Amino acid sequence: MRSEVVNRREMLRAWASHDVDVYRAFVETVTTLTSRPLSALRVLDLGCGANAPVTVLLHAAGCKVTGVDALLGHRWGLGFRPSRYSAYLREAGPLKTLRKMAGELVFDRTYFSELRARTGLELTDHGLDLRTMDVQCPTLPEGAWDAVHSNATWEHVADVRSATRMVANALTPGGVAYIEVHLFPSLSGGHDLPWIVPGKTILGDVKPWQHLRDPAWKAPVFLNRLRERDYREIFETTPGLTIVDWRTEFTEGRDLLTPEVERALPDYSAEELTKRSIIIVARKDA
């Protein structure tokens, strides 16, 4: 049990380090493209996640930021209150809610302490703007944001074309959309690995690219199963948006891509199978 706790703590430290890298890459991109300091920007963090790490870091850095997600669990300085889990219980069920509570009580201190240590920022929920909404149709004013950030959300959106149009409408002229997508054809694209740890591949009993090779495979969460070419077509044809950067964020699984796997998946190139995620940067037309 002690070894498992240590491993989980190491995993949380790795995720904290990863999330700080995500935050810094976003800040560098948007401040460069807008030629404005972070404190002068209004940012929408769309699909911010239950822990809302980028929202929290931006807020701590003095940015005017709003985090939006269907399931939120912020708790910095709030203490343990069961009533905060009522919405999560309705959405996710009792088992996931109990796991979430246990995880927060035991491990969150490690994660947020690591965020503080790596950034030097004082994290607080005072004045933090978090809103519980469906990320596909949030009730937000149009033309209100200088930048929209989204990390690991677009692959869970059913109508990506509509969501991308919504982002274009939400931005001010010259505003920047920064969208990170976890690609479905990648090794971890099925979201079915026992643990997803930055920099490590942990398959457990999942076979490499099982989600592409097994016709009976079922996703544990909703995935739209789009490929990179599909995202490119959508962003290239969304009115009001112009792509200014399209980059590979992470790769994975090169050591597991055997000739047998490639023969079983002739419709996918080696590059597509080993490209874990992309970052799409687009600007709202003036």
# chains A, B, ... in the order shown; residues from 1 in each chain; ligands from 1

$ residues_around --residues "stretch 248-256 of chain A" --least-positions-apart "3" --cutoff "7 Å" --atoms "only C-alpha atoms" --output "mmCIF file with C-alpha atoms, in the first residue's frame"
data_model
loop_
_atom_site.group_PDB
_atom_site.id
_atom_site.type_symbol
_atom_site.label_atom_id
_atom_site.label_comp_id
_atom_site.auth_asym_id
_atom_site.auth_seq_id
_atom_site.Cartn_x
_atom_site.Cartn_y
_atom_site.Cartn_z
ATOM 1 C CA LEU A 187 -1.508 4.940 -28.257
ATOM 2 C CA PRO A 208 -1.089 -1.415 -27.939
ATOM 3 C CA THR A 274 2.665 7.912 -32.494
ATOM 4 C CA LYS A 275 1.439 11.524 -32.400
ATOM 5 C CA ARG A 276 -0.236 11.873 -29.021
ATOM 6 C CA SER A 277 -1.470 15.462 -29.169
ATOM 7 C CA ILE A 278 -1.480 18.639 -31.214
ATOM 8 C CA ILE A 279 -1.815 22.327 -30.410
#

$ residues_around --residues "A:Ala282" --least-positions-apart "2" --cutoff "8 Å" --atoms "only C-alpha atoms" --output "VMD selection string"
chain A and resid 176 to 178 241 to 245 280 284

$ atom_distance --atom1 "atom CA of A:Leu57" --atom2 "atom CA of A:Thr34"
19.4 Å

$ select_by_dssp --residues "stretch 44-78 of chain A" --states "helix (DSSP H, G or I)" --output "ChimeraX atom specification"
/A:53-60

$ residues_around --residues "A:Gly204" --least-positions-apart "2" --cutoff "8 Å" --atoms "only C-alpha atoms" --output "list in words"
Leu193, Pro194, Ile202 and Val206 of chain A

$ write_last_selection --atoms "N, CA and C atoms" --output "tab-separated table (two decimals), in the first residue's frame"
chain	number	residue	atom	x	y	z
A	193	LEU	N	-6.12	3.38	-20.92
A	193	LEU	CA	-4.95	2.91	-20.18
A	193	LEU	C	-5.21	3.07	-18.68
A	194	PRO	N	-4.67	2.18	-17.85
A	194	PRO	CA	-4.94	2.26	-16.40
A	194	PRO	C	-4.47	3.56	-15.79
A	202	ILE	N	2.09	3.23	-19.61
A	202	ILE	CA	1.64	2.19	-18.68
A	202	ILE	C	0.42	1.53	-19.30
A	206	VAL	N	-3.99	-3.60	-21.34
A	206	VAL	CA	-4.46	-3.05	-22.61
A	206	VAL	C	-3.39	-3.29	-23.68

$ residues_around --residues "stretch 49-54 of chain A" --least-positions-apart "5" --cutoff "8 Å" --atoms "only C-alpha atoms" --output "mmCIF file with C-alpha atoms, in the first residue's frame"
data_model
loop_
_atom_site.group_PDB
_atom_site.id
_atom_site.type_symbol
_atom_site.label_atom_id
_atom_site.label_comp_id
_atom_site.auth_asym_id
_atom_site.auth_seq_id
_atom_site.Cartn_x
_atom_site.Cartn_y
_atom_site.Cartn_z
ATOM 1 C CA ASP A 19 0.297 21.205 -16.276
ATOM 2 C CA VAL A 20 2.848 23.917 -15.491
ATOM 3 C CA VAL A 22 0.964 23.615 -20.524
ATOM 4 C CA TYR A 23 0.348 26.873 -18.670
ATOM 5 C CA GLY A 67 -12.848 28.588 -16.118
ATOM 6 C CA ASP A 69 -16.457 22.885 -17.148
ATOM 7 C CA LEU A 71 -17.739 19.083 -13.413
ATOM 8 C CA LEU A 72 -15.831 21.374 -11.091
ATOM 9 C CA GLY A 73 -14.239 20.607 -7.745
ATOM 10 C CA HIS A 74 -12.166 23.619 -6.644
#

$ atom_distance --atom1 "atom CA of A:Ala117" --atom2 "atom CA of A:Pro37"
22.8 Å

$ closest_residue --among "A:Ala168, A:Val197, A:Leu130, A:Leu203" --to "A:Lys64" --atoms "only C-alpha atoms"
A:Leu130

$ residues_around --residues "A:Ala70" --least-positions-apart "2" --cutoff "7 Å" --atoms "only C-alpha atoms" --output "PyMOL selection string"
chain A and resi 72+132-135

$ closest_residue --among "A:Val221, A:Ala60, A:Val160, A:Met11" --to "A:Val181" --atoms "only C-alpha atoms"
A:Val160

$ residues_around --residues "A:Thr110" --least-positions-apart "5" --cutoff "8 Å" --atoms "only C-alpha atoms" --output "list in words"
Arg9, Leu12 and Arg13 of chain A

$ closest_residue --among "A:Leu121, A:Leu212, A:Leu44, A:Leu223" --to "A:Leu265" --atoms "only C-alpha atoms"
A:Leu212

$ select_by_dssp --residues "stretch 160-261 of chain A" --states "strand (DSSP E)" --output "list in words"
Leu171, Thr172, Pro173, Gly174, Gly175, Val176, Ala177, Tyr178, Ile179, Glu180, Val181, His182, Leu241, Thr242, Ile243, Val244, Asp245, Trp246, Arg247, Thr248, Glu249, Phe250 and Thr251 of chain A

$ residues_around --residues "A:Asn151" --least-positions-apart "2" --cutoff "8 Å" --atoms "only C-alpha atoms" --output "list in words"
Leu46, Gly47, Cys48, His149, Thr153, Trp154, Ile179, Glu180 and Val181 of chain A
